[in-house]
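Q: I'd like to ask you about the structure that follows.
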Amino acid sequence: MRGRLRHAYKVVLRALIYAVAVPPILFFRLMPPEFSSAAGAALGKLAFLIFRRDARLAAARLGRVFPEMSGAERERIAAANFEHFGRSLGEFLSRSFRRNAGGRVSIEGREILDRARTQGRGAVILTAHFGNWEVGGLAVAAIWPGFSVVARDLYDSRFSRMAVRLRKGFGVTTYDTSNARGMLRHLKSGGFLAALVDQDSDRVRNTFVSFFGEKVVAPVGPVLLAARANSMLISALAVPENGGHRVKISLIGENLNGTAPEACIERFNRLLEAEIRANPDRWVWIHDRWRSVDKARAKGA
C-alpha cells in the first residue's frame with residue numbers, strides 16, 4: 001500500500017512539474033538569443049535561492065575537490081554555477097540560438113574531426129556536463145552532418161522526448177544507452193557519436209577511474225564501441241570564450257586495439273579536470289560524482 005502511494009505521489013508531482021515547466025519552455029523557444037540567455041541566467045539565480053539543499057550540496061562538493069577554498073568562495077561559485085546552467089538552458093531552448101549555434105560557437109581542433117570524416121572511420125566523442133554541452137553539440141552537427149548523441153531517459157520521459165525533438169530538428173540523432181547495435185552501425189557508416197562520461201550511473205557498465213585524486217565509476221561502453229567500430233576516440237568540451245562558447249577537441253586515440261578502456265577515460269578525466277580548475281562554475285556540482293564509491297565504502301565500514 002505504501003509503495004503504491006509513493007508511486008502515485010511521484011506521478012502527480014511529475015505531472016505538476018511538467019505542467020508548470022511547459023509554458024516557460026514555450027516562451028524560451030520564441031525568445032531572441034540574448035534575451036533567452038539573460039532570462040535563463042535569472043532563472044538560475046532564482047533556483048539557487050529556492051533549492052537551498054541542492055545549493056549546499058554543490059558548495060560541499062566544491063569543497064571536496066578544492067579543500068583550500070573558503071566557505072564564502074564555495075558559496076559564490078555555487079551561485080555562479082546555478083546561474084550558468086540556467087543560462088545554458090535558456091540558450092538551448094531558444095530556437096534562434098540553436099539555429100545559429102554554428103556561428104556562435106568556435107571549434108578548436110576541428111582538423112581532428114575532419115580527418116575522421118575523410119578516413120570514413122567515424123568517431124566516438126567523450127564529453128561532459130561542462131559548459132553548454134548541448135549547444136556545443138549543435139555547433140558540431142552544423143559542420144559535420146551525421147552527428148549523434150547517446151543519452152538515457154530523464155526522470156520524466158516527457159522531458160526526454162522534448163530534448164530528443166529539439167536535437168532532431170537540427171539533425172542530431174539521439175540513441176538510447178541500450179541501443180548498442182544502432183550506435184555501432186552509425187559509427188561503422190562514418191558517423192560521430194557523443195557520450196557524456198562524467199556521471200555516476202548504475203544503469204550502464206562501469207569501470208573505476210580517478211577524478212581529482214579519488215576513485216569514481218565511469219561508463220566504459222563508449223570506449224568499447226570505438227574499439228569495435230575502429231573509430232577514433234576524441235574528447236570535446238564546451239569551454240567559455242569571451243562571453244561565448246568554444247568546443248575544445250582533443251584526440252585520445254586513433255587505434256584502440258589493446259588499449260585499456262580505463263586508460264582512455266583517465267586521459268579524458270585529466271582534460272576535464274583542467275577545464276574545471278580553470279572554470280569551476282561550469283561543471284554540474286549538484287550531481288553526486290562519488291555516490292557509488294562512497295556507498296561501497298560505507299557498507300564496508
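Residue numbering restarts at 1 for every chain of the C-alpha cells, chains are lettered A, B, ... in their displayed order, and ligands are numbered from 1 as they appear.
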Please give the complete set of residues from segment 14-215 of chain A that DSSP, run on the backbone, assigns to strand (DSSP E), formatted as a PyMOL selection string.
A: chain A and resi 105-108+123-127+147-150+173-175+192-196+206-211+214-215
Q: Select, from A:Ala123, A:Met162, A:Ala151, A:Leu196, the residue with the minimum atom-to-atom distance to Ile252 of chain A, counting only C-alpha atoms.
A: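 Nearest candidate to Ile252 of chain A out of A:Ala123, A:Met162, A:Ala151, A:Leu196: A:Ala123.
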Q: May I ask which of the residues A:Ala141, A:Val150, A:Leu193, A:Met69 is the closest one to Phe170 of chain A, counting only C-alpha atoms?
A: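 Selected residue with least distance to Phe170 of chain A: A:Ala141.
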Q: Can you list every residue of segment 128-233 of chain A that has an atom at most 9 Å from segment 83-103 of chain A, with its nearest atom pair and the distance in Å to one decimal, using only C-alpha atoms, ordered by chain then number, as JSON lines?
A:
{"residue": "A:Gly131", "atom": "CA", "partner": "A:Ser88", "partner_atom": "CA", "distance": 7.7}
{"residue": "A:Asn132", "atom": "CA", "partner": "A:Ser88", "partner_atom": "CA", "distance": 5.4}
{"residue": "A:Trp133", "atom": "CA", "partner": "A:Ser88", "partner_atom": "CA", "distance": 8.6}
{"residue": "A:Glu134", "atom": "CA", "partner": "A:Phe92", "partner_atom": "CA", "distance": 6.7}
{"residue": "A:Val135", "atom": "CA", "partner": "A:Phe92", "partner_atom": "CA", "distance": 6.0}
{"residue": "A:Gly136", "atom": "CA", "partner": "A:Ala101", "partner_atom": "CA", "distance": 7.6}
{"residue": "A:Gly137", "atom": "CA", "partner": "A:Ala101", "partner_atom": "CA", "distance": 8.9}
{"residue": "A:Leu138", "atom": "CA", "partner": "A:Ala101", "partner_atom": "CA", "distance": 6.2}
{"residue": "A:Ala139", "atom": "CA", "partner": "A:Gly102", "partner_atom": "CA", "distance": 4.3}
{"residue": "A:Val140", "atom": "CA", "partner": "A:Gly102", "partner_atom": "CA", "distance": 7.2}
{"residue": "A:Ala141", "atom": "CA", "partner": "A:Gly102", "partner_atom": "CA", "distance": 8.1}
{"residue": "A:Ala142", "atom": "CA", "partner": "A:Gly102", "partner_atom": "CA", "distance": 5.5}
{"residue": "A:Ile143", "atom": "CA", "partner": "A:Gly102", "partner_atom": "CA", "distance": 7.1}
{"residue": "A:Leu166", "atom": "CA", "partner": "A:Leu93", "partner_atom": "CA", "distance": 8.0}
{"residue": "A:Phe170", "atom": "CA", "partner": "A:Arg99", "partner_atom": "CA", "distance": 7.6}
Q: Those selected residues, please, written with N, CA and C atoms and delivered as a PDB file, in the first residue's frame.
A:
ATOM      1  N   GLY A 131      30.115  23.391 -19.257  1.00  0.00           N
ATOM      2  CA  GLY A 131      29.756  24.431 -20.197  1.00  0.00           C
ATOM      3  C   GLY A 131      28.360  24.161 -20.752  1.00  0.00           C
ATOM      4  N   ASN A 132      28.078  24.664 -21.923  1.00  0.00           N
ATOM      5  CA  ASN A 132      26.795  24.364 -22.567  1.00  0.00           C
ATOM      6  C   ASN A 132      27.013  23.247 -23.581  1.00  0.00           C
ATOM      7  N   TRP A 133      27.013  22.000 -23.079  1.00  0.00           N
ATOM      8  CA  TRP A 133      27.347  20.856 -23.925  1.00  0.00           C
ATOM      9  C   TRP A 133      26.308  20.642 -25.019  1.00  0.00           C
ATOM     10  N   GLU A 134      25.040  20.988 -24.771  1.00  0.00           N
ATOM     11  CA  GLU A 134      24.014  20.788 -25.798  1.00  0.00           C
ATOM     12  C   GLU A 134      24.250  21.726 -26.984  1.00  0.00           C
ATOM     13  N   VAL A 135      24.487  22.993 -26.704  1.00  0.00           N
ATOM     14  CA  VAL A 135      24.752  23.953 -27.781  1.00  0.00           C
ATOM     15  C   VAL A 135      26.058  23.611 -28.495  1.00  0.00           C
ATOM     16  N   GLY A 136      27.053  23.144 -27.733  1.00  0.00           N
ATOM     17  CA  GLY A 136      28.299  22.712 -28.356  1.00  0.00           C
ATOM     18  C   GLY A 136      28.065  21.581 -29.342  1.00  0.00           C
ATOM     19  N   GLY A 137      27.203  20.642 -28.974  1.00  0.00           N
ATOM     20  CA  GLY A 137      26.876  19.538 -29.871  1.00  0.00           C
ATOM     21  C   GLY A 137      26.193  20.009 -31.137  1.00  0.00           C
ATOM     22  N   LEU A 138      25.297  20.987 -31.009  1.00  0.00           N
ATOM     23  CA  LEU A 138      24.619  21.522 -32.190  1.00  0.00           C
ATOM     24  C   LEU A 138      25.607  22.224 -33.121  1.00  0.00           C
ATOM     25  N   ALA A 139      26.613  22.885 -32.528  1.00  0.00           N
ATOM     26  CA  ALA A 139      27.626  23.544 -33.356  1.00  0.00           C
ATOM     27  C   ALA A 139      28.432  22.524 -34.149  1.00  0.00           C
ATOM     28  N   VAL A 140      28.773  21.403 -33.521  1.00  0.00           N
ATOM     29  CA  VAL A 140      29.488  20.333 -34.218  1.00  0.00           C
ATOM     30  C   VAL A 140      28.619  19.760 -35.334  1.00  0.00           C
ATOM     31  N   ALA A 141      27.333  19.556 -35.025  1.00  0.00           N
ATOM     32  CA  ALA A 141      26.412  18.991 -36.015  1.00  0.00           C
ATOM     33  C   ALA A 141      26.241  19.909 -37.212  1.00  0.00           C
ATOM     34  N   ALA A 142      26.352  21.221 -36.998  1.00  0.00           N
ATOM     35  CA  ALA A 142      26.193  22.174 -38.098  1.00  0.00           C
ATOM     36  C   ALA A 142      27.334  22.066 -39.108  1.00  0.00           C
ATOM     37  N   ILE A 143      28.485  21.586 -38.651  1.00  0.00           N
ATOM     38  CA  ILE A 143      29.663  21.479 -39.533  1.00  0.00           C
ATOM     39  C   ILE A 143      29.797  20.067 -40.101  1.00  0.00           C
ATOM     40  N   LEU A 166      14.055  18.439 -29.933  1.00  0.00           N
ATOM     41  CA  LEU A 166      14.842  19.658 -30.147  1.00  0.00           C
ATOM     42  C   LEU A 166      16.142  19.346 -30.882  1.00  0.00           C
ATOM     43  N   PHE A 170      17.597  19.770 -35.567  1.00  0.00           N
ATOM     44  CA  PHE A 170      18.846  20.306 -36.079  1.00  0.00           C
ATOM     45  C   PHE A 170      19.790  19.196 -36.526  1.00  0.00           C
TER      46      PHE A 170
END
Q: Taking the DSSP assignment computed from this structure's backbone, write out as number ranges by chain all residues of segment 41-200 of chain A that belong to alpha helix (DSSP H).
A: A: 41-50, 52-65, 71-93, 95-99, 101-104, 110-119, 133-143, 157-168, 180-188
Q: Env of Val204 of chain A: 10 Å cut, atoms = only C-alpha atoms, seq-sep filter 3 positions within chain, self excluded. Answer as a list of chain:residue names.
A: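 Contacts, in chain order: A:Arg152, A:Thr177, A:Ser178, A:Asp200, A:Ser201, A:Thr207, A:Ala218, A:Pro219, A:Val220, A:Gly221.
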Q: Measuring between only C-alpha atoms, which one of A:Arg267, A:His287, A:Arg115, A:His186 shows the shortest distance to Gln199 of chain A?
A: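 Closest residue, counting only C-alpha atoms: A:His287.
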Q: If we count only C-alpha atoms, what is near Ala55 of chain A at a cut-off of 9 Å, once residues fewer than 2 positions away on the same chain are taken out, given as number ranges by chain?
A: A: 47-53, 57-60, 75, 78-79, 82, 285-286
Q: Counting only C-alpha atoms, what is within 7 Å of Ala227 of chain A, bar same-chain residues fewer than 3 positions away, as an MDAnalysis selection string?
A: chainID A and resid 223:224 230:231 256:257
Q: Using only C-alpha atoms, which residues sit within 9 Å of segment 104-113 of chain A once same-chain residues fewer than 5 positions away are excluded, as JSON, numbers by chain?
A: {"A": [97, 118, 122, 123, 135, 136, 139, 140, 144, 192, 232, 234, 238, 241, 244, 245, 246, 247, 248, 249, 250, 251]}
